[in-house]
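Source file coords17.cif; content: mmCIF, C-alpha atoms.
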data_start
#
loop_
_atom_site.label_atom_id
_atom_site.label_comp_id
_atom_site.auth_asym_id
_atom_site.auth_seq_id
_atom_site.Cartn_x
_atom_site.Cartn_y
_atom_site.Cartn_z
CA MET A 18 96.55 78.97 113.94
CA SER A 19 97.71 77.38 110.72
CA ASN A 20 95.78 78.03 107.51
CA ILE A 21 94.17 74.59 107.84
CA ASP A 22 93.08 75.39 111.39
CA VAL A 23 91.62 78.77 110.38
CA GLN A 24 89.72 77.11 107.53
CA ALA A 25 88.32 74.46 109.90
CA PHE A 26 87.35 77.14 112.42
CA LEU A 27 85.55 79.14 109.72
CA GLU A 28 83.58 76.07 108.65
CA GLU A 29 82.56 75.51 112.28
CA LEU A 30 81.62 79.17 112.75
CA TYR A 31 79.52 79.20 109.58
CA ALA A 32 77.69 76.04 110.69
CA GLN A 33 76.97 77.64 114.08
CA GLY A 34 75.58 80.72 112.35
CA GLN A 35 73.37 78.62 110.10
CA ALA A 36 72.06 76.62 113.06
CA ASN A 37 71.33 79.83 114.97
CA ASP A 38 69.50 81.40 112.04
CA ALA A 39 67.35 78.30 111.55
CA HIS A 40 66.07 78.52 115.14
CA VAL A 41 65.52 82.23 115.77
CA GLN A 42 62.74 84.29 114.27
CA GLU A 43 63.82 87.85 115.04
CA ARG A 44 66.10 89.26 112.32
CA GLY A 45 68.28 91.08 114.87
CA GLN A 46 69.18 87.77 116.51
CA LYS A 47 70.22 86.12 113.26
CA MET A 48 73.91 86.00 112.30
CA LEU A 49 73.18 86.32 108.55
CA ASN A 50 76.71 85.25 107.70
CA LEU A 51 78.21 85.77 104.29
CA GLU A 52 78.02 82.68 102.07
CA PRO A 53 81.27 80.67 102.19
CA GLU A 54 81.99 81.05 98.47
CA THR A 55 81.60 84.84 98.69
CA ALA A 56 83.80 84.94 101.80
CA GLN A 57 86.48 82.87 100.11
CA PHE A 58 86.32 85.06 97.00
CA LEU A 59 86.82 88.18 99.14
CA HIS A 60 89.72 86.49 100.93
CA ILE A 61 91.44 85.65 97.64
CA LEU A 62 90.77 89.11 96.16
CA LEU A 63 92.08 91.01 99.18
CA ARG A 64 95.05 88.74 99.75
CA SER A 65 96.15 88.79 96.09
CA THR A 66 95.82 92.58 95.83
CA ARG A 67 97.62 93.12 99.15
CA ARG A 68 94.91 95.13 100.90
CA LYS A 69 96.17 96.49 104.22
CA HIS A 70 93.55 98.99 105.43
CA ILE A 71 90.16 97.29 105.33
CA LEU A 72 86.84 98.60 106.68
CA GLU A 73 83.94 96.21 107.22
CA ILE A 74 80.47 97.55 107.94
CA GLY A 75 78.49 94.72 109.54
CA THR A 76 80.55 92.47 111.81
CA SER A 77 77.85 90.10 113.12
CA ASN A 78 79.60 87.18 114.86
CA GLY A 79 82.89 87.84 113.09
CA TYR A 80 82.64 85.21 110.34
CA SER A 81 83.39 87.54 107.44
CA THR A 82 85.68 89.59 109.69
CA THR A 83 87.83 86.51 110.24
CA TRP A 84 88.11 85.96 106.48
CA LEU A 85 89.10 89.63 105.99
CA ALA A 86 91.62 89.60 108.85
CA TRP A 87 93.11 86.35 107.58
CA ALA A 88 93.66 87.98 104.17
CA ALA A 89 95.08 91.14 105.77
CA SER A 90 97.46 89.09 107.92
CA GLU A 91 99.36 87.99 104.80
CA HIS A 92 100.71 91.52 104.24
CA GLY A 93 100.71 93.19 107.65
CA GLY A 94 97.25 94.68 107.21
CA ARG A 95 94.46 95.51 109.62
CA VAL A 96 90.66 95.54 109.65
CA VAL A 97 88.25 97.98 111.26
CA SER A 98 84.84 96.33 111.67
CA ILE A 99 81.66 98.05 112.82
CA ASP A 100 78.46 96.58 114.22
CA ARG A 101 75.72 98.22 116.27
CA ASP A 102 74.80 95.11 118.28
CA PRO A 103 76.80 94.75 121.54
CA HIS A 104 76.06 91.00 121.78
CA LYS A 105 77.37 90.35 118.26
CA HIS A 106 80.35 92.57 119.05
CA GLU A 107 81.19 90.26 121.98
CA LEU A 108 80.73 87.15 119.81
CA ALA A 109 83.04 88.58 117.15
CA ASP A 110 85.64 89.43 119.78
CA ALA A 111 85.61 85.85 121.11
CA ASN A 112 85.65 84.28 117.64
CA LEU A 113 88.54 86.42 116.43
CA ARG A 114 90.48 85.45 119.55
CA ARG A 115 89.83 81.77 118.84
CA ALA A 116 91.11 82.27 115.28
CA GLY A 117 94.24 84.03 116.56
CA LEU A 118 93.41 87.18 114.56
CA ARG A 119 91.99 89.52 117.22
CA GLU A 120 95.06 91.75 117.31
CA LEU A 121 94.52 92.61 113.63
CA VAL A 122 90.95 93.88 114.08
CA ASP A 123 89.69 97.10 115.61
CA LEU A 124 86.10 96.25 116.58
CA LYS A 125 83.80 99.25 116.91
CA CYS A 126 80.30 99.02 118.34
CA GLY A 127 77.75 101.67 117.43
CA ASP A 128 76.09 103.48 114.55
CA ALA A 129 78.22 102.89 111.46
CA THR A 130 77.54 106.27 109.86
CA GLU A 131 78.57 108.13 113.02
CA ILE A 132 81.70 105.99 113.44
CA ILE A 133 82.68 106.43 109.78
CA ALA A 134 82.47 110.21 110.15
CA ASN A 135 85.29 109.99 112.71
CA LEU A 136 87.48 107.40 110.98
CA SER A 137 90.77 108.35 109.43
CA GLY A 138 92.14 106.93 106.21
CA PRO A 139 93.41 106.00 103.83
CA LEU A 140 91.32 102.85 103.40
CA ASP A 141 92.11 100.54 100.49
CA CYS A 142 89.01 98.34 100.82
CA VAL A 143 85.51 98.87 102.20
CA PHE A 144 83.06 95.98 102.55
CA PHE A 145 79.39 96.93 103.06
CA ASP A 146 77.35 94.12 104.64
CA ALA A 147 74.87 95.80 106.95
CA ASP A 148 72.11 98.40 106.63
CA ARG A 149 71.96 98.95 102.88
CA TYR A 150 69.84 102.10 103.22
CA SER A 151 72.66 103.91 105.04
CA ALA A 152 75.34 102.89 102.54
CA PRO A 153 74.99 105.88 100.15
CA ALA A 154 75.60 108.38 102.96
CA GLN A 155 78.48 106.23 104.20
CA VAL A 156 80.08 106.20 100.74
CA ARG A 157 79.95 109.99 100.62
CA LEU A 158 81.56 110.25 104.07
CA LEU A 159 84.24 107.74 103.07
CA LEU A 160 85.26 109.28 99.72
CA PRO A 161 87.92 111.62 101.14
CA LYS A 162 89.24 108.77 103.30
CA LEU A 163 89.81 106.30 100.46
CA ALA A 164 93.17 105.39 99.01
CA THR A 165 93.55 106.05 95.28
CA ASP A 166 93.77 102.28 94.69
CA VAL A 167 90.62 101.04 96.42
CA PHE A 168 87.86 98.44 96.33
CA LEU A 169 84.26 99.15 97.39
CA LEU A 170 82.44 95.86 97.91
CA ALA A 171 78.84 95.18 98.89
CA ASP A 172 76.92 91.97 99.49
CA ASN A 173 73.22 91.17 98.85
CA VAL A 174 72.96 92.88 95.46
CA ILE A 175 70.89 90.08 93.94
CA SER A 176 69.02 89.02 97.08
CA HIS A 177 67.95 92.55 98.13
CA PRO A 178 67.81 94.61 94.90
CA ASP A 179 65.34 97.21 96.20
CA GLU A 180 67.34 97.88 99.35
CA ILE A 181 70.68 98.29 97.57
CA THR A 182 69.48 100.51 94.71
CA GLY A 183 70.63 103.71 96.45
CA TYR A 184 74.12 102.30 96.97
CA LEU A 185 74.41 101.25 93.32
CA LYS A 186 73.18 104.69 92.15
CA THR A 187 75.80 106.32 94.36
CA LEU A 188 78.48 104.17 92.71
CA ASP A 189 77.20 105.24 89.29
CA GLU A 190 77.94 108.83 90.30
CA LEU A 191 81.61 107.90 90.75
CA PRO A 192 82.85 107.63 87.14
CA GLN A 193 86.43 106.90 88.16
CA PHE A 194 85.33 103.49 89.49
CA GLU A 195 84.99 100.37 87.36
CA LYS A 196 81.89 98.47 88.53
CA LEU A 197 80.35 95.04 88.14
CA VAL A 198 78.08 92.63 89.99
CA ILE A 199 79.38 89.10 90.46
CA PRO A 200 76.62 86.46 90.74
CA ILE A 201 78.20 84.70 93.70
CA GLY A 202 76.32 83.98 96.92
CA LYS A 203 73.63 86.65 97.24
CA GLY A 204 75.31 88.90 94.68
CA LEU A 205 78.51 90.89 95.22
CA SER A 206 79.00 94.42 93.93
CA VAL A 207 82.64 95.13 93.12
CA ALA A 208 83.79 98.67 92.41
CA TYR A 209 87.47 99.42 91.83
CA ARG A 210 89.46 102.59 91.38
CA SER A 211 93.11 102.26 90.43
CA ALA A 212 96.00 104.60 91.11
#

As structure tokens, the full file:
Amino acid sequence: MSNIDVQAFLEELYAQGQANDAHVQERGQKMLNLEPETAQFLHILLRSTRRKHILEIGTSNGYSTTWLAWAASEHGGRVVSIDRDPHKHELADANLRRAGLRELVDLKCGDATEIIANLSGPLDCVFFDADRYSAPAQVRLLLPKLATDVFLLADNVISHPDEITGYLKTLDELPQFEKLVIPIGKGLSVAYRSA
């Protein structure tokens, strides 16, 4: 797909997610896609800093995964994306195939904390967009697997402040990281450690 085609596909996928979420009541059936401006920001950030080894926790239907893989494709990178829901895993697989980016993504279905324990590194970007209560333990498991030059990113900082407090406290215990919250979408935490 050309860049224009990928952009059009992402707009369509986001609209489908929004329509789904407006009609289903159960949280587990919602797509809860990243806001487009946050997704585009991540795409620009990762593309411009040449991230090649990206981990996403929370695949859903593959909307944000497509943005991440598109950024990684610019520099020969890859994405590992984890989701516990088999149905969403299948949706993400199909959507990444439609976008022509499936070969750049290793989709893993299961408990993210268990999967992270068995991942190898080095990872130069981790994007947390799933169960915020598990994120502190996941950060601790990931620390030895991170590249020296790494981003730790997390969505929903403004929209779910109580749920993400533990993650933010864990970041505060990592003095080598520069940290800020960007008021974009539902609030994006950006932590960066340079070489």

Exercise for review: Evaluate the PyMOL selection byres ((chain A and resi 183) around 9) and record the selected residues as JSON, numbers by chain, following the chain and residue labels used in the document.
Suggested key: {"A": [149, 150, 151, 152, 153, 179, 180, 181, 182, 184, 185, 186, 187, 188]}

Practice item. Take the PyMOL selection byres ((chain A and resi 71-84) around 7), apply it to the structure above, and return the hits as JSON, numbers by chain. Key: {"A": [27, 30, 31, 48, 50, 51, 56, 60, 68, 69, 70, 85, 86, 87, 88, 95, 96, 97, 98, 99, 100, 105, 106, 108, 109, 112, 113, 129, 140, 141, 142, 143, 144, 145, 146, 147]}

Check your understanding: At what distance in Å, to one decimal, does CA of Ala171 (chain A) lie from CA of Leu205 (chain A)?
Key -> 5.7 Å

Practice item. Go through the shown structure with the PyMOL selection byres ((chain A and resi 139) around 7) and write out the matching residues as a ChimeraX atom specification. Key: /A:137-138,140-141,162-164

**Study point:** Best match for closeness to Leu197 (chain A) among A:Leu118, A:Tyr209, A:Asp172, A:Asp22, counting all atoms listed in the file
**Key:** A:Tyr209

Check your understanding: Looking at all atoms listed in the file, which of A:Leu63, A:Leu124, A:Val41, A:Leu170 is the one that sits closest to Asp102 (chain A)?
Key -> A:Leu124

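We find CA of Asp123 (chain A) and CA of Ile199 (chain A) to be spaced 28.3 Å apart.
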
Point to revise | Between CA of Lys47 (chain A) and CA of Ala32 (chain A), distance in Å (one decimal) | key: 12.8 Å
